[in-house]
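The structure file upload.csv is reproduced below (CSV, C-alpha atoms and all ligand atoms).
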chain,number,residue,atom,x,y,z
A,27,MET,CA,151.5,-0.8,273.1
A,28,ARG,CA,148.5,-2.4,271.4
A,29,ILE,CA,146.2,-0.7,269.0
A,30,ASN,CA,142.9,-2.1,268.1
A,31,LEU,CA,140.8,-0.7,265.2
A,32,SER,CA,137.2,-2.0,265.2
A,33,HIS,CA,135.0,-1.4,262.2
A,34,VAL,CA,136.5,2.1,261.5
A,35,THR,CA,134.7,4.1,258.9
A,36,LYS,CA,135.3,7.6,257.9
A,37,VAL,CA,133.0,9.6,255.6
A,38,ILE,CA,134.2,13.0,254.3
A,39,LYS,CA,131.7,15.1,252.4
A,40,GLY,CA,129.7,12.0,251.4
A,41,ALA,CA,132.8,10.0,250.3
A,42,VAL,CA,133.7,6.9,252.2
A,43,VAL,CA,137.5,7.2,252.7
A,44,LEU,CA,137.9,4.5,255.3
A,45,ASP,CA,135.4,1.6,255.0
A,46,ASP,CA,134.9,-0.8,257.9
A,47,MET,CA,138.5,-1.3,258.8
A,48,SER,CA,139.4,-3.6,261.6
A,49,MET,CA,143.0,-4.6,262.6
A,50,THR,CA,145.2,-5.2,265.6
A,51,LEU,CA,148.7,-3.8,265.9
A,52,ALA,CA,151.2,-4.5,268.6
A,53,GLY,CA,154.5,-3.0,269.8
A,54,GLY,CA,157.8,-4.4,268.5
A,55,ARG,CA,156.5,-4.8,265.0
A,56,ILE,CA,156.6,-2.8,261.8
A,57,TYR,CA,153.3,-2.6,259.8
A,58,GLY,CA,153.5,-1.7,256.2
A,59,LEU,CA,150.5,0.0,254.4
A,60,ARG,CA,150.4,-0.5,250.7
A,61,GLY,CA,147.8,0.7,248.2
A,62,PRO,CA,147.2,3.0,245.3
A,63,ASN,CA,147.0,6.8,245.5
A,64,GLY,CA,143.9,7.9,247.3
A,65,SER,CA,143.2,4.4,248.8
A,66,GLY,CA,143.2,5.8,252.4
A,67,LYS,CA,146.6,5.1,253.8
A,68,THR,CA,147.1,8.6,255.0
A,69,MET,CA,143.6,8.8,256.5
A,70,LEU,CA,144.2,5.5,258.3
A,71,MET,CA,147.5,6.9,259.8
A,72,ARG,CA,145.7,10.1,260.8
A,73,ALA,CA,143.0,8.2,262.5
A,74,ILE,CA,145.5,6.1,264.4
A,75,CYS,CA,147.3,9.3,265.6
A,76,GLY,CA,144.0,10.8,266.7
A,77,LEU,CA,144.1,13.6,264.1
A,78,ILE,CA,140.8,12.6,262.6
A,79,ARG,CA,137.8,10.9,264.3
A,80,PRO,CA,136.1,8.0,262.7
A,81,THR,CA,132.5,8.6,261.6
A,82,SER,CA,131.8,5.2,263.2
A,83,GLY,CA,133.8,2.4,264.8
A,84,GLU,CA,136.4,2.6,267.5
A,85,ILE,CA,140.2,2.8,267.9
A,86,ALA,CA,141.5,1.6,271.2
A,87,ILE,CA,145.1,2.3,272.4
A,88,ASP,CA,146.0,-0.1,275.2
A,89,ASP,CA,142.3,-0.5,275.9
A,90,ARG,CA,141.6,3.3,276.1
A,91,LEU,CA,139.3,4.6,273.4
A,92,LEU,CA,140.7,7.4,271.2
A,93,GLY,CA,138.4,10.4,271.3
A,94,LYS,CA,136.8,9.2,274.6
A,95,GLY,CA,139.3,8.5,277.4
A,96,LEU,CA,142.2,9.5,275.3
A,97,ALA,CA,142.6,12.5,272.9
A,98,PHE,CA,145.8,11.3,271.3
A,99,PRO,CA,148.0,8.2,271.7
A,100,ASP,CA,150.7,8.9,274.4
A,101,SER,CA,154.2,9.0,273.0
A,102,THR,CA,153.7,9.3,269.2
A,103,GLY,CA,156.1,10.4,266.6
A,104,ALA,CA,154.6,11.1,263.2
A,105,LEU,CA,155.8,12.1,259.8
A,106,ILE,CA,152.6,12.7,257.8
A,107,GLU,CA,152.8,14.9,254.7
A,108,ASN,CA,154.9,18.0,255.0
A,109,PRO,CA,155.8,18.7,258.6
A,110,ALA,CA,155.8,22.4,259.5
A,111,PHE,CA,159.2,23.8,260.3
A,112,LEU,CA,160.3,27.4,260.7
A,113,PRO,CA,162.1,28.5,257.5
A,114,GLN,CA,164.6,30.9,259.2
A,115,TYR,CA,165.7,28.3,261.8
A,116,THR,CA,168.4,25.6,261.5
A,117,ALA,CA,167.7,21.9,262.0
A,118,LEU,CA,168.7,22.0,265.6
A,119,GLN,CA,166.8,25.1,266.4
A,120,ASN,CA,163.7,23.6,264.8
A,121,LEU,CA,164.0,20.5,266.9
A,122,ARG,CA,164.6,22.5,270.1
A,123,LEU,CA,161.4,24.4,269.5
A,124,LEU,CA,159.4,21.2,269.0
A,125,ALA,CA,161.1,19.5,272.0
A,126,MET,CA,159.8,22.3,274.2
A,127,ILE,CA,156.2,21.2,273.8
A,128,ARG,CA,156.7,18.0,275.7
A,129,GLY,CA,160.1,18.6,277.4
A,130,VAL,CA,161.1,15.0,277.0
A,131,ALA,CA,164.1,15.2,274.7
A,132,THR,CA,167.4,16.5,275.9
A,133,GLU,CA,169.9,18.7,274.0
A,134,ALA,CA,172.2,15.7,273.7
A,135,SER,CA,169.4,13.5,272.3
A,136,LEU,CA,168.4,16.1,269.8
A,137,ARG,CA,172.0,16.3,268.5
A,138,GLN,CA,172.2,12.5,268.4
A,139,THR,CA,169.0,12.2,266.5
A,140,LEU,CA,170.2,14.7,263.9
A,141,THR,CA,173.4,12.6,263.5
A,142,ASP,CA,171.3,9.5,263.2
A,143,VAL,CA,169.4,10.9,260.2
A,144,GLY,CA,172.5,12.2,258.5
A,145,LEU,CA,172.2,15.9,259.4
A,146,ARG,CA,174.8,17.9,261.3
A,147,ALA,CA,173.7,19.5,264.6
A,148,ASP,CA,176.1,22.4,264.1
A,149,ASP,CA,175.1,23.1,260.5
A,150,GLN,CA,174.2,26.8,260.3
A,151,ARG,CA,172.1,26.5,257.2
A,152,VAL,CA,168.5,27.4,257.8
A,153,PHE,CA,165.5,25.2,256.9
A,154,ARG,CA,164.5,27.4,253.9
A,155,LYS,CA,167.9,26.5,252.3
A,156,PHE,CA,167.5,22.8,252.8
A,157,SER,CA,167.3,20.3,249.9
A,158,LEU,CA,164.2,18.0,249.7
A,159,GLY,CA,166.2,15.2,251.2
A,160,MET,CA,167.4,17.3,254.1
A,161,LYS,CA,163.8,18.4,254.8
A,162,GLN,CA,162.8,14.8,254.8
A,163,ARG,CA,165.6,13.8,257.1
A,164,LEU,CA,164.6,16.6,259.5
A,165,GLY,CA,161.0,15.4,259.4
A,166,ILE,CA,162.2,11.9,260.4
A,167,ALA,CA,164.3,13.3,263.2
A,168,ALA,CA,161.3,15.2,264.5
A,169,ALA,CA,159.3,12.0,264.5
A,170,LEU,CA,161.9,10.0,266.3
A,171,MET,CA,163.6,12.5,268.7
A,172,GLU,CA,161.5,11.6,271.7
A,173,ARG,CA,161.9,7.8,271.2
A,174,PRO,CA,158.1,7.4,270.9
A,175,ARG,CA,156.3,4.1,271.4
A,176,LEU,CA,154.2,4.7,268.4
A,177,ILE,CA,155.9,5.8,265.1
A,178,VAL,CA,153.7,6.6,262.1
A,179,VAL,CA,155.6,7.5,258.9
A,180,ASP,CA,154.0,8.3,255.6
A,181,GLU,CA,156.3,7.9,252.6
A,182,PRO,CA,159.4,8.5,254.7
A,183,THR,CA,161.8,7.6,251.8
A,184,ASN,CA,160.5,10.4,249.7
A,185,GLY,CA,163.5,12.5,248.5
A,186,LEU,CA,166.1,10.3,250.3
A,187,ASP,CA,169.2,9.2,248.6
A,188,ARG,CA,170.6,5.6,249.1
A,189,ASP,CA,172.4,6.6,252.3
A,190,GLY,CA,169.3,8.2,253.6
A,191,VAL,CA,167.2,5.1,252.9
A,192,ALA,CA,169.8,2.9,254.6
A,193,GLN,CA,169.8,5.2,257.7
A,194,LEU,CA,166.0,5.2,257.8
A,195,ARG,CA,166.0,1.4,257.7
A,196,GLY,CA,168.4,1.2,260.5
A,197,LEU,CA,166.5,3.7,262.6
A,198,LEU,CA,163.1,2.1,262.1
A,199,THR,CA,164.3,-1.4,262.8
A,200,ARG,CA,166.2,-0.2,265.9
A,201,HIS,CA,163.1,1.5,267.3
A,202,ARG,CA,161.1,-1.6,266.5
A,203,ASP,CA,163.6,-3.8,268.2
A,204,GLU,CA,163.4,-1.5,271.3
A,205,GLY,CA,159.6,-2.1,271.3
A,206,ALA,CA,158.1,0.7,269.3
A,207,LEU,CA,155.0,0.1,267.2
A,208,VAL,CA,155.8,1.3,263.7
A,209,VAL,CA,153.3,2.1,260.9
A,210,LEU,CA,154.8,2.8,257.5
A,211,ALA,CA,153.3,3.7,254.2
A,212,SER,CA,155.4,3.5,251.1
A,213,HIS,CA,155.0,3.2,247.4
A,214,ASP,CA,158.4,1.6,247.3
A,215,ARG,CA,157.3,-2.0,247.2
A,216,ALA,CA,160.7,-3.6,247.9
A,217,GLU,CA,161.4,-1.2,250.8
A,218,LEU,CA,158.0,-1.9,252.3
A,219,GLU,CA,158.4,-5.7,252.0
A,220,PHE,CA,161.9,-5.5,253.4
A,221,LEU,CA,161.0,-3.5,256.5
A,222,SER,CA,157.5,-4.7,257.3
A,223,ASP,CA,156.8,-7.6,259.7
A,224,GLU,CA,153.2,-7.4,258.3
A,225,VAL,CA,151.7,-5.7,255.3
A,226,PHE,CA,148.2,-4.5,254.9
A,227,GLU,CA,146.9,-3.9,251.4
A,228,ILE,CA,144.4,-1.1,251.2
A,229,SER,CA,142.1,-0.6,248.3
A,230,GLU,CA,139.3,2.1,248.2
A,231,GLY,CA,139.4,2.6,251.9
A,232,ARG,CA,139.1,-1.1,252.6
A,233,LEU,CA,141.5,-3.7,254.0
A,234,ALA,CA,142.0,-5.9,250.9
A,235,ALA,CA,144.7,-8.3,252.2
A,236,HIS,CA,147.0,-8.8,255.1
A,237,HIS,CA,150.1,-10.9,255.2
A,238,GLY,CA,153.1,-11.5,257.4
A,239,ARG,CA,156.7,-11.5,256.3
A,240,THR,CA,157.1,-13.9,253.4
A,241,GLU,CA,160.8,-14.4,253.6
A,242,GLU,CA,163.6,-13.4,255.9
A,243,PRO,CA,165.8,-10.8,254.3
A,244,THR,CA,169.4,-11.9,253.8
A,245,GLU,CA,172.3,-10.0,255.2
A,246,SER,CA,173.3,-8.7,251.8
A,247,THR,CA,170.2,-6.6,251.7
A,248,GLY,CA,171.4,-4.8,254.7
A,249,GLY,CA,169.8,-3.4,257.8
A,250,ARG,CA,168.5,-6.3,260.0
A,251,GLN,CA,170.9,-8.7,261.6
B,1,LIG,N1,140.6,16.9,253.3
B,1,LIG,C1,140.0,16.0,252.6
B,1,LIG,N2,138.7,16.2,252.3
B,1,LIG,C2,138.0,15.3,251.6
B,1,LIG,N3,138.5,14.2,251.1
B,1,LIG,C3,139.8,14.0,251.3
B,1,LIG,C4,140.6,14.9,252.1
B,1,LIG,N4,141.8,14.3,252.2
B,1,LIG,C5,141.8,13.2,251.5
B,1,LIG,N5,140.6,12.9,251.0
B,1,LIG,C6,140.2,11.8,250.2
B,1,LIG,O1,140.4,10.6,251.0
B,1,LIG,C7,140.7,9.5,250.2
B,1,LIG,C8,142.0,8.8,250.8
B,1,LIG,O2,143.1,9.7,250.7
B,1,LIG,P1,144.5,9.4,251.4
B,1,LIG,O3,145.3,10.6,251.4
B,1,LIG,O4,144.3,8.7,252.7
B,1,LIG,O5,145.1,8.4,250.3
B,1,LIG,P2,146.5,7.7,250.3
B,1,LIG,O6,146.3,6.2,250.2
B,1,LIG,O7,147.4,8.2,251.4
B,1,LIG,O8,147.1,8.2,248.9
B,1,LIG,P3,148.6,8.5,248.4
B,1,LIG,O9,149.2,7.2,248.0
B,1,LIG,O10,148.3,9.4,247.2
B,1,LIG,O11,149.3,9.2,249.5
B,1,LIG,C9,140.9,10.0,248.8
B,1,LIG,O12,139.8,9.7,248.1
B,1,LIG,C10,141.0,11.5,249.0
B,1,LIG,O13,140.4,12.2,247.9
Representation of the structure as structure tokens:
Amino acid sequence: MRINLSHVTKVIKGAVVLDDMSMTLAGGRIYGLRGPNGSGKTMLMRAICGLIRPTSGEIAIDDRLLGKGLAFPDSTGALIENPAFLPQYTALQNLRLLAMIRGVATEASLRQTLTDVGLRADDQRVFRKFSLGMKQRLGIAAALMERPRLIVVDEPTNGLDRDGVAQLRGLLTRHRDEGALVVLASHDRAELEFLSDEVFEISEGRLAAHHGRTEEPTESTGGRQ
């Protein structure tokens, strides 16, 4: 997959929230978005997922224009803000319901995805009783359950304990190594640097800087081998 943003600008109620952004993203890489609160990271992620349309400029996914030939990128898994789950359903029941939309994930893969994020498929507790971290884990599971080619995750480490962060690292790098294009926003600077093959710095809706991996992580920092 290849995503090309060309001079993307988004104006909401007179405020420029994305300002002339151009970038090219390719499958098999993790892209980190860094920037202060309100700088436009979430808006950029929404635009890439086809959830908002740029006021001007274009987004092409594998040479098809979003909003023209293509409504949404094919095969996308996204965790953006609080995902909606049914409070009276268990984790597995919630995933089953979401999986019905596309009919891609099997029962076995849903169960495996729950295990991958550190939840138990047979846990009878319902979503409304979940801790913050469990909700976040389910959100990650929902984003990854169909093995999407595009993964967009906004602050995925929110609420996660150390084990949860380690599991997330393993999952994102595994999907990346299998060819997925991963876009990640995080305020955890060390985590973002560790995971990202390239980092985009965003400031006031603009692309302020772009750099590749500065140093290879060592094995002692875990995750990648
Ligand atoms: N629904 C909306 N209507 C109008 N303006 C909005 C709306 N949602 C966000 N904005 C504005 O868009 C700008 C970018 O917000 P965005 O949520 O993309 O920031 P962010 O970088 O993700 O911030 P954070 O680090 O807090 O998550 C902000 O100025 C915000 O006020």
Select all residues near (146.6, 1.4, 248.7) (cut-off 7 Å, inclusive, file coordinates), counting only C-alpha atoms, and output them as a ChimeraX atom specification. /A:60-63,65-67,227-229
My list of candidates is A:Asn120, A:Asn184, A:Gln193, A:Ser212. Which is closest to ligand LIG 1 (chain B) when distances are computed with all atoms listed in the file?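 Among the listed residues, the smallest separation from ligand LIG 1 (chain B) belongs to A:Ser212.
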Pairwise distance for CA of Leu70 in chain A and atom P3 of ligand LIG 1 (chain B), rounded to one decimal in Å: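 Computing the Euclidean distance for CA of Leu70 in chain A and atom P3 of ligand LIG 1 (chain B) yields 11.2 Å.
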Could the residues that lie within 12 Å of ligand LIG 1 (chain B), counting all atoms listed in the file, be listed as a PyMOL selection string? chain A and resi 35-45+59-73+77-78+106-108+179-182+184+210-214+226-233
Point (152.8, -1.5, 270.3) neighbourhood (9 Å, all atoms listed in the file) written as a ChimeraX atom specification: /A:27-29,51-55,87-88,175-176,205-208
